[in-house]
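Right, one structure below, let's go through it.
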Amino acid sequence: MFDAFNNGIVINNPYPVTRVEIIQAPLPDKVVLPLQQRIGAEAEPCVKVGDKVLTGQLIAQTPDQFCASIHASISGTVVAIDAQIIPHKSGLKSNCITIESDGKDEWIKNKGVGDFLHCSRETLIEYLQQSGIVGLGGAGFPTHSKLKKATNCHTLIINATECEPGIMCDDALMQHDAREVIRGVEVLLRITGATQVFIAIEDDKQEAYHSLLMFNHNERISIIQIPTKYTSGAEKLLIKALLNIEIPADELAINHGILCQNVSTVKAIFDAVVEDKPLISRIVTVTGDAVTPNNFEVRLGTSFRHIIALAEPNDKQHDVRMGGMMMGIDVQSLDIPICKITNCIFVNNAKPKQPVQECIRCGQCNQVCPVDLLPQQLYWYAKSENTEKAMEYNLSSCIECRCCDVVCPSHIPLASYFSFAKALHRQTLKAQKKVYNARKRFEYREYRLVRNKTERTEMMARKKAELKQKMAGDKTQKDKIADAITRVKNKK
Ligand code: SF4
Ligand code: SF4
């Protein structure tokens with residue numbers, strides 16, 4: 001059943017804990033909430049500087065279908081709406097709303113939707129958009145957009161695997177909120193009408209697995225244990241393993257009737273629909289060799305600095321990374337805010353980077369690729385910027401998981417090469433399309449000029465012939481008149 005996971009690599013949690021807990025982080029003094037989310041247009045604020053806001057109050061939204069609403073994560077006063085550094089690899093600034101806490105955490109009363117079993121699919125989807133729900137597994141794709149597309153959904157897959165080794169937030173959530181997760185799945189069943197649900201959980205999460213089993217009384221929901229291997233949680237691999245359906249690289253699972261949702265997103269759906277709570281907090285794992293690893297329930301917009309301080313960091317120099325140790329991004333400032341997709345913060349003692357050496361053609365990278373690519377071959381093409389050849393070797397299927405990087409004895413950053421080659425290929429296609437469109441425009445112009453010229457020549461010839469005919473007609477008339485004059489003369 002799990003042939004799809006033949007490759008990939010086993011990496012044990014480098015910073016394990018004896019007990020997976022969730023610590024409620026104390027309320028921060030202020031929160032900074034970015035208006036630009038992972039995708040879609042920037043949200044427009046519906047508050048202004050000086051306004052008092054309550055926890056859970058809507059503070060920004062946009063009609064863009066790829067955008068979820070933004071809510072105040074604490075009660076207090078809006079003190080700024082300006083550009084601040086956001087958690088993004090560009091390190092650039094983006095507009096944010098800053099709220100200073102009044103220390104009361106007073107909640108707004110939301111209307112809610114009542115019993116979800118009596119709500120239509122449309123009502124529930126709209127309510128999820130209003131509640132600001134997005135994918136919490138790291139992708140940040142707005143949940144309502146995904147659900148709108150799920151019109152012929154037969155199978156729901158709940159991804160309960162941790163995206164990467166070391167992250168514990170989903171495990172912690174399932175151990176503590178298994179009942180809410182199962183109820184959240186039932187909300188999704190109501191929306192999609194799917195006939196079956198698979199909750200896929202790694203086999204090293206026995207406590208979470210048993211908690212889910214204990215609360216699941218729905219016969220449409222099956223809880224399946226899968227091998228603990230990086231990247232067994234990759235969506236298309238999971239679908240292949242559970243349903244034996246292969247989704248091509250350029251297609252979406254939802255077009256095949258399959259909807260995948262991360263387990264934390266399912267809990268957020270429960271909170272919104274059943275508890276009338278918009279998305280204002282999330283669980284974040286703080287781990288690494290410079291801190292005491294733990295999970296914290298954190299209000300969105302809290303600074304990295306505030307949360308890292310709770311994990312008792314040592315006083316050495318640190319390398320801080322947002323997301324996993326494999327696919328995460330390095331962060332330069334600890335003042336950036338926790339956002340909806342911040343599932344983990346790695347805080348490690350700063351180490352010198354390993355020098356990159358030449359490829360020794362050992363072939364180790366080829367043995368670990370979870371999607372059966374040939375990274376060594378791809379590397380040569382990516383390095384020489386021969387993207388056409390790289391695409392022939394299925395570069396577009398690369399999920400940039402970095403399994404090949406990890407095993408490479410020469411420390412070549414292979415996934416970065418592949419990411420670069422993909423961007424270059426996109427650029428080339430764009431440029432080719434531009435040239436093609438320009439050529440088509442030129443060809444059409446030429447065709448139009450020739451056509452106009454021909455039409456004009458034909459028209460002139462036609463007119464000339466008509467004139468000639470007319471003149472010929474006129475001559476006959478003249479002859480008739482001359483004949484008449486001659487006849488009159490003769491009579492005289
Ligand atoms: S980064 Fe790409 S090529 Fe390397 S192992 Fe992952 S999927 Fe394969
Ligand atoms: S693992 Fe590294 S050194 Fe070995 S073949 Fe792959 S790229 Fe070359």
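A note on labels: chains of the structure tokens are A, B, ... as shown, every chain counts residues from 1, and ligands are counted from 1 in their shown order.
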**Prompt:** Residues at most 12 Å from Lys89 of chain A, counting only C-alpha atoms, excluding those fewer than 5 positions away in the same chain, as a ChimeraX atom specification?
**Reply:** /A:38,321-323,327-333,336
Which residues of segment 5-24 of chain A have any atom within 6 Å of an atom in segment 287-308 of chain A when counting only C-alpha atoms, and what is the closest pair of atoms for each, with the distance in Å to one decimal? Order the rows by chain and rising number and write it as a tab-separated table.
residue	atom	partner	partner_atom	distance
A:Ile22	CA	A:Asn295	CA	4.9
A:Ile23	CA	A:Phe296	CA	4.6
A:Gln24	CA	A:Glu297	CA	4.9
**Message:** Would you compute the distance between atom CA of Ile11 of chain A and atom CA of Phe418 of chain A? Give it in Å to one decimal.
**Reply:**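 Value for the atom CA of Ile11 of chain A-atom CA of Phe418 of chain A distance: 22.3 Å.
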**Message:** Env of Thr265 of chain A: 8 Å cut, atoms = only C-alpha atoms, seq-sep filter 5 positions within chain, self excluded. Answer as a VMD selection string.
**Reply:** chain A and resid 133 to 137
Please save N, CA, C and O atoms of the selected residues as a PDB file, in the first residue's frame.
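Generated output (again_5.pdb):
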ATOM      1  N   ILE A 133      -9.985  31.803   7.664  1.00  0.00           N
ATOM      2  CA  ILE A 133      -9.325  30.487   7.714  1.00  0.00           C
ATOM      3  C   ILE A 133      -8.477  30.252   6.461  1.00  0.00           C
ATOM      4  O   ILE A 133      -8.965  30.364   5.334  1.00  0.00           O
ATOM      5  N   VAL A 134      -7.212  29.919   6.677  1.00  0.00           N
ATOM      6  CA  VAL A 134      -6.307  29.534   5.573  1.00  0.00           C
ATOM      7  C   VAL A 134      -5.596  28.236   5.976  1.00  0.00           C
ATOM      8  O   VAL A 134      -5.648  27.843   7.149  1.00  0.00           O
ATOM      9  N   GLY A 135      -4.927  27.603   5.016  1.00  0.00           N
ATOM     10  CA  GLY A 135      -4.203  26.359   5.302  1.00  0.00           C
ATOM     11  C   GLY A 135      -3.085  26.614   6.314  1.00  0.00           C
ATOM     12  O   GLY A 135      -2.219  27.450   6.076  1.00  0.00           O
ATOM     13  N   LEU A 136      -3.120  25.904   7.435  1.00  0.00           N
ATOM     14  CA  LEU A 136      -2.144  26.167   8.499  1.00  0.00           C
ATOM     15  C   LEU A 136      -0.928  25.240   8.435  1.00  0.00           C
ATOM     16  O   LEU A 136      -0.046  25.301   9.276  1.00  0.00           O
ATOM     17  N   GLY A 137      -0.898  24.375   7.399  1.00  0.00           N
ATOM     18  CA  GLY A 137       0.235  23.455   7.276  1.00  0.00           C
ATOM     19  C   GLY A 137       1.489  24.132   6.737  1.00  0.00           C
ATOM     20  O   GLY A 137       2.550  23.537   6.709  1.00  0.00           O
TER      21      GLY A 137
END
**segment 91-95 of chain A surroundings by only C-alpha atoms, 9 Å radius, close-in-sequence under 6 positions cut, as a ChimeraX atom specification** = /A:33-36,42,81-85,331-333
**Message:** Around ligand 1, which protein and nucleic acid residues have at least one atom no more than 10 Å from it, if we count only C-alpha atoms and all ligand atoms? List them as a PyMOL selection string.
**Reply:** chain A and resi 7-9+230-231+326-327+365-379+394-407+413-419
**Request:** Determine the nearest neighbour of ligand 2 from the options A:Lys468, A:Arg445, A:Lys489, A:Lys383, counting only C-alpha atoms and all ligand atoms.
**Result:**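 Of all the options, A:Lys383 lies closest to ligand 2.
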**Message:** Considering only alpha helix (DSSP H) as DSSP defines it on the backbone, what residues of segment 153-256 of chain A qualify? List them as an MDAnalysis selection string.
**Reply:** chainID A and resid 169:176 178:192 206:215 235:243
Using C-alpha atoms, can you export the residues from the last selection as a PDB file, in the first residue's frame?
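Writing the result to again_14.pdb gives the following:
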ATOM      1  CA  CYS A 169       2.572  21.393  16.553  1.00  0.00           C
ATOM      2  CA  ASP A 170       0.142  19.056  14.771  1.00  0.00           C
ATOM      3  CA  ASP A 171       1.031  16.154  17.070  1.00  0.00           C
ATOM      4  CA  ALA A 172       0.366  18.388  20.089  1.00  0.00           C
ATOM      5  CA  LEU A 173      -2.928  19.585  18.626  1.00  0.00           C
ATOM      6  CA  MET A 174      -4.185  16.041  17.978  1.00  0.00           C
ATOM      7  CA  GLN A 175      -3.215  14.842  21.449  1.00  0.00           C
ATOM      8  CA  HIS A 176      -5.057  17.735  23.111  1.00  0.00           C
ATOM      9  CA  ALA A 178      -8.786  15.163  19.039  1.00  0.00           C
ATOM     10  CA  ARG A 179     -12.559  15.640  19.616  1.00  0.00           C
ATOM     11  CA  GLU A 180     -12.475  19.069  17.942  1.00  0.00           C
ATOM     12  CA  VAL A 181     -10.498  17.660  14.993  1.00  0.00           C
ATOM     13  CA  ILE A 182     -13.101  14.939  14.386  1.00  0.00           C
ATOM     14  CA  ARG A 183     -15.948  17.505  14.630  1.00  0.00           C
ATOM     15  CA  GLY A 184     -14.029  19.772  12.206  1.00  0.00           C
ATOM     16  CA  VAL A 185     -13.841  16.863   9.757  1.00  0.00           C
ATOM     17  CA  GLU A 186     -17.627  16.507  10.063  1.00  0.00           C
ATOM     18  CA  VAL A 187     -18.034  20.182   9.112  1.00  0.00           C
ATOM     19  CA  LEU A 188     -15.929  19.476   6.012  1.00  0.00           C
ATOM     20  CA  LEU A 189     -18.068  16.429   5.243  1.00  0.00           C
ATOM     21  CA  ARG A 190     -21.148  18.662   5.403  1.00  0.00           C
ATOM     22  CA  ILE A 191     -19.545  21.166   2.994  1.00  0.00           C
ATOM     23  CA  THR A 192     -18.079  18.725   0.471  1.00  0.00           C
ATOM     24  CA  GLN A 206       0.826   6.781  18.877  1.00  0.00           C
ATOM     25  CA  GLU A 207      -0.796   9.025  21.504  1.00  0.00           C
ATOM     26  CA  ALA A 208      -2.353  11.278  18.888  1.00  0.00           C
ATOM     27  CA  TYR A 209      -3.473   8.227  16.902  1.00  0.00           C
ATOM     28  CA  HIS A 210      -5.243   6.713  19.916  1.00  0.00           C
ATOM     29  CA  SER A 211      -6.833  10.049  20.857  1.00  0.00           C
ATOM     30  CA  LEU A 212      -8.323  10.342  17.362  1.00  0.00           C
ATOM     31  CA  LEU A 213      -9.515   6.720  17.463  1.00  0.00           C
ATOM     32  CA  MET A 214     -11.199   7.369  20.811  1.00  0.00           C
ATOM     33  CA  PHE A 215     -13.270  10.296  19.512  1.00  0.00           C
ATOM     34  CA  GLU A 235       0.024  15.821  -0.935  1.00  0.00           C
ATOM     35  CA  LYS A 236       0.447  13.864  -4.163  1.00  0.00           C
ATOM     36  CA  LEU A 237       2.490  11.098  -2.505  1.00  0.00           C
ATOM     37  CA  LEU A 238      -0.180  10.753   0.163  1.00  0.00           C
ATOM     38  CA  ILE A 239      -2.899  10.442  -2.497  1.00  0.00           C
ATOM     39  CA  LYS A 240      -0.852   7.838  -4.361  1.00  0.00           C
ATOM     40  CA  ALA A 241      -0.281   5.860  -1.160  1.00  0.00           C
ATOM     41  CA  LEU A 242      -3.886   5.998   0.106  1.00  0.00           C
ATOM     42  CA  LEU A 243      -5.903   5.874  -3.125  1.00  0.00           C
TER      43      LEU A 243
END
**Asked** Leaving out Gly76 of chain A and any residue of its chain fewer than 5 positions from it, which residues lie within 7 Å of it when counting only C-alpha atoms, given as a list in words?
**Response**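 Using only C-alpha atoms, the neighbours found are Lys52, Val53, Leu54, Ile99, Glu100, Ser101 and Asp102 of chain A.
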**Request:** Could you please write out, as a PyMOL selection string, every residue of segment 39-269 of chain A that DSSP assigns to strand (DSSP E or B)?
**Result:** chain A and resi 44-45+52-53+55+58-61+70-71+76-85+93-101+107+134+142+155-159+196-202+221-226+230+258-262
**Request:** For Ala253 of chain A, please output as a list in words all residues within 10 Å (counting only C-alpha atoms; exclusion window: fewer than 3 positions along the same chain).
**Result:**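 Skipping anything fewer than 3 positions along the chain leaves Ala150, Cys153, Glu235, Lys236, Ile239, Ile245, Glu246, Ile247, Pro248, His256, Gly257, Ile258, Leu259 and Cys260 of chain A.
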**Request:** Choose the residue, out of A:Glu219, A:Asp276, A:Asp319, A:Glu358, that has the smallest atom-to-atom separation from ligand 2; count only C-alpha atoms and all ligand atoms.
**Result:**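 Using only C-alpha atoms and all ligand atoms, ligand 2 sits closest to A:Glu358.
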**Request:** Just the residues within 10 Å of Pro45 of chain A, please, counting only C-alpha atoms, with nothing from its chain fewer than 3 positions along; format it as number ranges by chain.
**Result:** A: 35, 42, 48, 58-62, 69-70, 81, 95-97
**Prompt:** Between A:Asp479, A:Ala160, A:Asn314, A:Val356, which is the closest to ligand 2 once you count only C-alpha atoms and all ligand atoms?
**Reply:**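 Using only C-alpha atoms and all ligand atoms, ligand 2 sits closest to A:Val356.
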